[in-house]
file protein.cif (mmCIF, C-alpha atoms)
data_query
loop_
_atom_site.label_atom_id
_atom_site.label_comp_id
_atom_site.auth_asym_id
_atom_site.auth_seq_id
_atom_site.Cartn_x
_atom_site.Cartn_y
_atom_site.Cartn_z
CA MET S 1048 24.68 134.66 57.27
CA LYS S 1049 26.79 135.94 54.40
CA ASN S 1050 26.74 132.57 52.65
CA LEU S 1051 22.98 132.30 53.12
CA LEU S 1052 22.54 135.73 51.56
CA ILE S 1053 24.65 134.65 48.61
CA LYS S 1054 22.51 131.53 48.36
CA ASP S 1055 19.37 133.67 48.22
CA PHE S 1056 20.76 135.72 45.35
CA ARG S 1057 22.05 132.71 43.42
CA LEU S 1058 19.33 130.13 44.05
CA ALA S 1059 16.23 131.80 45.47
CA MET S 1060 16.08 135.02 43.47
CA HIS S 1061 13.00 135.03 41.25
CA PRO S 1062 13.19 136.57 37.72
CA THR S 1063 10.41 138.99 38.59
CA VAL S 1064 12.78 140.78 40.99
CA PHE S 1065 14.71 142.15 38.00
CA LEU S 1066 11.54 142.87 36.05
CA PHE S 1067 9.89 144.77 38.89
CA TRP S 1068 13.01 146.85 39.49
CA LEU S 1069 12.57 148.13 35.94
CA LEU S 1070 8.95 149.02 36.69
CA SER S 1071 10.34 152.09 38.44
CA ALA S 1072 9.96 153.56 34.96
CA MET S 1073 6.23 153.76 35.78
CA LEU S 1074 7.10 157.02 37.55
CA LEU S 1075 7.11 158.56 34.07
CA ILE S 1076 3.41 157.82 33.58
CA PRO S 1077 1.39 161.06 33.91
CA ASN S 1078 -1.34 161.07 36.55
CA TYR S 1079 -0.69 157.64 38.02
CA PRO S 1080 -0.64 156.40 41.65
CA TYR S 1081 3.12 156.00 41.91
CA TYR S 1082 2.97 154.06 45.17
CA VAL S 1083 1.78 151.09 43.10
CA VAL S 1084 5.42 150.64 42.04
CA LEU S 1085 6.16 149.66 45.64
CA PHE S 1086 3.49 146.97 45.51
CA TYR S 1087 5.25 145.30 42.59
CA SER S 1088 8.51 145.29 44.54
CA SER S 1089 6.68 143.60 47.43
CA LEU S 1090 5.11 141.15 44.99
CA SER S 1091 8.57 140.04 43.86
CA LEU S 1092 9.44 139.15 47.48
CA PHE S 1093 6.29 137.07 47.62
CA PHE S 1094 7.42 135.17 44.52
CA VAL S 1095 10.81 134.57 46.13
CA CYS S 1096 9.20 133.11 49.25
CA LEU S 1097 6.63 131.18 47.24
CA GLY S 1098 9.36 129.66 45.09
CA GLY S 1099 11.22 128.82 48.28
CA ARG S 1100 8.22 126.94 49.59
CA GLU S 1101 7.83 124.92 46.40
CA ASN S 1102 11.55 124.18 46.21
CA ARG S 1103 11.79 123.46 49.96
CA ASP S 1104 14.31 126.23 50.41
CA ILE S 1105 13.82 126.48 54.17
CA GLU S 1106 14.42 122.76 54.68
CA PHE S 1107 17.54 122.95 52.52
CA SER S 1108 18.86 125.96 54.45
CA LEU S 1109 18.31 124.30 57.81
CA MET S 1110 20.24 121.22 56.69
CA LEU S 1111 23.29 123.45 56.51
CA PRO S 1112 25.37 124.21 59.61
CA VAL S 1113 23.54 127.48 60.29
CA ARG S 1114 21.25 128.87 62.94
CA LYS S 1115 17.58 129.47 62.23
CA ARG S 1116 17.97 133.14 62.98
CA ASP S 1117 20.68 133.42 60.34
CA ALA S 1118 18.26 132.13 57.70
CA VAL S 1119 15.76 134.80 58.74
CA ARG S 1120 18.36 137.56 58.72
CA ALA S 1121 19.64 136.55 55.30
CA ARG S 1122 16.15 136.64 53.77
CA ILE S 1123 15.32 140.00 55.33
CA CYS S 1124 18.69 141.39 54.21
CA PHE S 1125 17.81 140.16 50.73
CA ALA S 1126 14.54 142.08 50.96
CA VAL S 1127 16.31 145.23 52.17
CA ILE S 1128 18.79 145.09 49.28
CA SER S 1129 15.97 144.48 46.79
CA GLN S 1130 13.96 147.41 48.13
CA ALA S 1131 17.03 149.67 48.14
CA VAL S 1132 17.76 148.80 44.51
CA GLN S 1133 14.11 149.53 43.63
CA LEU S 1134 14.37 153.04 45.08
CA ILE S 1135 17.81 153.70 43.60
CA VAL S 1136 16.56 152.69 40.14
CA ALA S 1137 13.53 154.94 40.69
CA VAL S 1138 15.61 158.07 41.39
CA PRO S 1139 16.60 158.89 37.77
CA PHE S 1140 13.04 158.24 36.59
CA ALA S 1141 11.71 160.57 39.29
CA ALA S 1142 14.23 163.23 38.24
CA LEU S 1143 13.22 162.82 34.60
CA ARG S 1144 9.55 163.03 35.59
CA GLN S 1145 10.30 166.31 37.37
CA ALA S 1146 11.95 167.63 34.21
CA MET S 1147 9.02 166.76 31.97
CA SER S 1148 6.63 169.60 31.15
CA VAL S 1149 3.45 167.69 31.88
CA GLY S 1150 2.42 169.24 35.20
CA GLY S 1151 2.03 167.59 38.57
CA ASN S 1152 0.44 164.25 39.35
CA GLN S 1153 -3.31 164.82 39.59
CA VAL S 1154 -3.94 161.37 41.09
CA GLY S 1155 -1.71 161.59 44.14
CA MET S 1156 1.79 162.27 45.40
CA ASP S 1157 4.26 163.44 42.77
CA ALA S 1158 7.58 161.65 42.26
CA ASN S 1159 9.65 163.93 44.48
CA ILE S 1160 11.86 163.72 47.57
CA ALA S 1161 8.91 163.37 49.96
CA PHE S 1162 7.59 160.49 47.89
CA PHE S 1163 10.74 158.48 48.65
CA GLY S 1164 10.29 159.16 52.37
CA PHE S 1165 6.76 157.77 52.26
CA ALA S 1166 8.00 154.88 50.10
CA LEU S 1167 10.50 153.90 52.79
CA LEU S 1168 7.76 154.01 55.41
CA LEU S 1169 5.55 151.78 53.25
CA PHE S 1170 8.36 149.28 52.77
CA GLY S 1171 8.95 149.22 56.53
CA ILE S 1172 5.27 148.56 57.23
CA PHE S 1173 5.22 145.79 54.64
CA ASN S 1174 8.34 144.15 56.10
CA LEU S 1175 6.86 144.19 59.59
CA GLN S 1176 3.57 142.66 58.51
CA PHE S 1177 4.84 140.21 55.91
CA PHE S 1178 7.91 138.68 57.53
CA THR S 1179 6.49 138.38 61.05
CA SER S 1180 3.53 136.47 59.61
CA TYR S 1181 5.60 134.49 57.10
CA TYR S 1182 7.99 133.09 59.69
CA ARG S 1183 5.09 132.03 61.86
CA ALA S 1184 3.73 129.80 59.09
CA PRO S 1185 5.98 129.67 55.97
CA GLU S 1186 3.65 127.24 54.22
CA LYS S 1187 0.87 129.87 54.24
CA VAL S 1188 2.84 132.45 52.28
CA GLY S 1189 -0.09 133.23 49.96
CA ARG S 1190 -2.39 134.12 52.82
CA THR S 1191 0.38 136.13 54.45
CA PHE S 1192 0.98 138.16 51.30
CA ALA S 1193 -2.73 138.77 50.78
CA ALA S 1194 -3.07 140.21 54.28
CA SER S 1195 0.10 142.28 53.83
CA SER S 1196 -1.18 143.63 50.50
CA VAL S 1197 -4.45 144.73 52.07
CA ILE S 1198 -2.55 146.67 54.72
CA LEU S 1199 -0.16 148.11 52.13
CA PHE S 1200 -2.95 149.42 49.92
CA ALA S 1201 -4.84 150.74 52.95
CA VAL S 1202 -1.81 152.83 53.94
CA ILE S 1203 -1.35 153.92 50.32
CA ALA S 1204 -5.00 155.05 50.27
CA VAL S 1205 -4.39 157.08 53.44
CA PHE S 1206 -1.28 158.72 51.97
CA GLU S 1207 -3.04 159.61 48.72
CA THR S 1208 -6.07 160.95 50.59
CA LEU S 1209 -3.85 163.15 52.74
CA THR S 1210 -2.22 164.46 49.57
CA HIS S 1211 -5.60 165.78 48.42
CA THR S 1212 -7.09 166.86 51.74
CA LEU S 1213 -4.35 168.04 54.10
CA PRO S 1214 -2.93 171.46 53.17
CA PHE S 1215 0.57 170.61 54.38
CA PHE S 1216 0.68 167.59 52.08
CA ARG S 1217 -1.01 169.32 49.14
CA LEU S 1218 0.76 172.67 49.25
CA ARG S 1219 4.21 171.72 50.51
CA LEU S 1220 4.99 168.03 50.08
CA ASP S 1221 3.18 167.38 46.78
CA THR S 1222 5.17 170.03 44.90
CA PRO S 1223 8.02 169.98 42.38
CA ASP S 1224 11.55 169.81 43.77
CA PRO S 1225 13.38 171.77 45.09
CA ALA S 1226 10.40 173.70 46.49
CA PHE S 1227 9.95 173.32 50.27
CA LEU S 1228 13.15 171.30 50.41
CA PRO S 1229 13.57 171.32 54.24
CA GLU S 1230 10.10 169.80 54.75
CA LYS S 1231 10.70 167.14 52.12
CA LEU S 1232 14.11 166.23 53.48
CA ALA S 1233 12.55 165.92 56.94
CA VAL S 1234 9.97 163.49 55.52
CA LEU S 1235 12.77 161.53 53.83
CA ALA S 1236 14.76 161.34 57.08
CA ILE S 1237 11.71 160.28 59.09
CA GLY S 1238 10.81 157.68 56.46
CA LEU S 1239 14.33 156.25 56.53
CA ALA S 1240 14.39 156.11 60.33
CA ALA S 1241 10.96 154.42 60.37
CA TYR S 1242 12.08 151.92 57.74
CA VAL S 1243 15.18 150.95 59.71
CA LEU S 1244 13.21 150.65 62.97
CA LEU S 1245 10.28 148.69 61.51
CA THR S 1246 12.55 146.32 59.59
CA PHE S 1247 14.70 145.75 62.68
CA ILE S 1248 11.59 144.94 64.72
CA ALA S 1249 10.36 142.67 61.93
CA CYS S 1250 13.68 140.81 61.99
CA ARG S 1251 13.66 140.32 65.77
CA ILE S 1252 10.07 139.09 65.90
CA SER S 1253 10.60 136.83 62.88
CA GLU S 1254 13.70 135.28 64.45
CA LYS S 1255 11.84 134.41 67.63
CA ARG S 1256 8.85 132.97 65.79
CA PHE S 1257 10.97 130.94 63.40
CA GLU S 1258 13.18 129.55 66.16
CA SER S 1259 10.09 128.29 67.99
CA LEU S 1260 8.74 126.69 64.81
CA ASP S 1261 9.05 122.91 64.52
CA ILE S 1262 10.20 122.10 60.98
#
call {"tool": "encode", "arguments": {"input": "protein.cif", "output": "structure tokens"}}
result
Amino acid sequence: MKNLLIKDFRLAMHPTVFLFWLLSAMLLIPNYPYYVVLFYSSLSLFFVCLGGRENRDIEFSLMLPVRKRDAVRARICFAVISQAVQLIVAVPFAALRQAMSVGGNQVGMDANIAFFGFALLLFGIFNLQFFTSYYRAPEKVGRTFAASSVILFAVIAVFETLTHTLPFFRLRLDTPDPAFLPEKLAVLAIGLAAYVLLTFIACRISEKRFESLDI
């Protein structure tokens, strides 16, 4: 699997991956729905898979002495690394946003510790929806991404609505750091655990579906 992962970074990586990592700087925009940054990260994975379809990446990978499940694991590991880099790059921008004297985010969740917990949960949901559908029909990657995007934005809408309507979200989670630090760290821990679990499930289901696929 290691060599397949290296292959993904050297041959399959789309230029938009680098560009969308830098879009973490959008956390500096006042009064902006910061979860949109996560959509761009997901969009870059779509471009990677779309480019793979056009370049027959799956067929090339399966001509190598590897198992089908290893190809799935390598691609999902690639996604995990890409998403991790996105969040790591976002941290200094979130810290700078906290230091700016422009007030809180009036649109939705501020760029704080709790935001990263919800971001991890969103990434986990996307991975579960996207990869389990993608490895059922790799040639229909556009349709798969469209459905995954609808779900992603639906969950984002729920999160942003809760930020405005639920007192716990509005008064404790959507506040500048380090206020209410225990609650925010709990959200971060839960988000991380959910991300690991959902991505693990996505990998298992994707492996089974891809192994049963006749290519």
call {"tool": "resolve_selection", "arguments": {"input": "protein.cif", "expression": "the PyMOL selection byres ((chain S and resi 1081) around 10)", "output": "MDAnalysis selection string"}}
result
chainID S and resid 1071 1073:1080 1082:1086 1152 1154:1158 1162 1166 1203 1207
call {"tool": "atom_distance", "arguments": {"input": "protein.cif", "atom1": "atom CA of S:Gly1099", "atom2": "atom CA of S:Arg1251"}}
result
21.1 Å
call {"tool": "atom_distance", "arguments": {"input": "protein.cif", "atom1": "atom CA of S:Phe1165", "atom2": "atom CA of S:Gln1133"}}
result
14.0 Å
call {"tool": "residues_near_point", "arguments": {"input": "protein.cif", "point": "(3.4, 171.9, 49.0)", "cutoff": "12 Å", "atoms": "all atoms listed in the file", "output": "PyMOL selection string"}}
result
chain S and resi 1151+1156-1157+1159-1161+1209-1231
call {"tool": "closest_residue", "arguments": {"input": "protein.cif", "among": "S:Gln1130, S:Ser1259, S:Thr1208, S:Asn1050", "to": "S:Leu1169", "atoms": "all atoms listed in the file"}}
result
S:Gln1130
call {"tool": "closest_residue", "arguments": {"input": "protein.cif", "among": "S:Val1113, S:His1061, S:Arg1103, S:Ser1129", "to": "S:Lys1049", "atoms": "all atoms listed in the file"}}
result
S:Val1113
call {"tool": "closest_residue", "arguments": {"input": "protein.cif", "among": "S:Ile1237, S:Ile1135, S:Leu1168, S:Val1205", "to": "S:Trp1068", "atoms": "all atoms listed in the file"}}
result
S:Ile1135
call {"tool": "residues_around", "arguments": {"input": "protein.cif", "residues": "S:Thr1191", "least_positions_apart": "2", "cutoff": "9 Å", "atoms": "only C-alpha atoms", "output": "ChimeraX atom specification"}}
result
/S:1176-1178,1180-1181,1184-1185,1187-1189,1193-1196
call {"tool": "atom_distance", "arguments": {"input": "protein.cif", "atom1": "atom CA of S:Ser1091", "atom2": "atom CA of S:Phe1067"}}
result
7.0 Å
call {"tool": "residues_around", "arguments": {"input": "protein.cif", "residues": "S:Arg1120", "least_positions_apart": "6", "cutoff": "8 Å", "atoms": "only C-alpha atoms", "output": "PyMOL selection string"}}
result
chain S and resi 1048+1250+1254
call {"tool": "residues_near_point", "arguments": {"input": "protein.cif", "point": "(17.0, 133.8, 55.9)", "cutoff": "10 Å", "atoms": "all atoms listed in the file", "output": "ChimeraX atom specification"}}
result
/S:1048,1051-1052,1054-1055,1104-1105,1108-1109,1114-1126,1182,1250,1253-1254
call {"tool": "closest_residue", "arguments": {"input": "protein.cif", "among": "S:Ala1146, S:Val1095, S:Asn1174, S:Ala1236", "to": "S:Phe1056", "atoms": "only C-alpha atoms"}}
result
S:Val1095
call {"tool": "closest_residue", "arguments": {"input": "protein.cif", "among": "S:Phe1107, S:Val1132, S:Ala1137, S:Val1202", "to": "S:Leu1070", "atoms": "all atoms listed in the file"}}
result
S:Ala1137
call {"tool": "resolve_selection", "arguments": {"input": "protein.cif", "expression": "the PyMOL selection byres ((chain S and resi 1246) around 8)", "output": "list in words"}}
result
Gly1171, Ile1172, Asn1174, Leu1175, Tyr1242, Val1243, Leu1244, Leu1245, Phe1247, Ile1248, Ala1249 and Cys1250 of chain S
call {"tool": "closest_residue", "arguments": {"input": "protein.cif", "among": "S:Val1127, S:Ala1072, S:Val1136, S:Ile1252", "to": "S:Leu1092", "atoms": "all atoms listed in the file"}}
result
S:Val1127
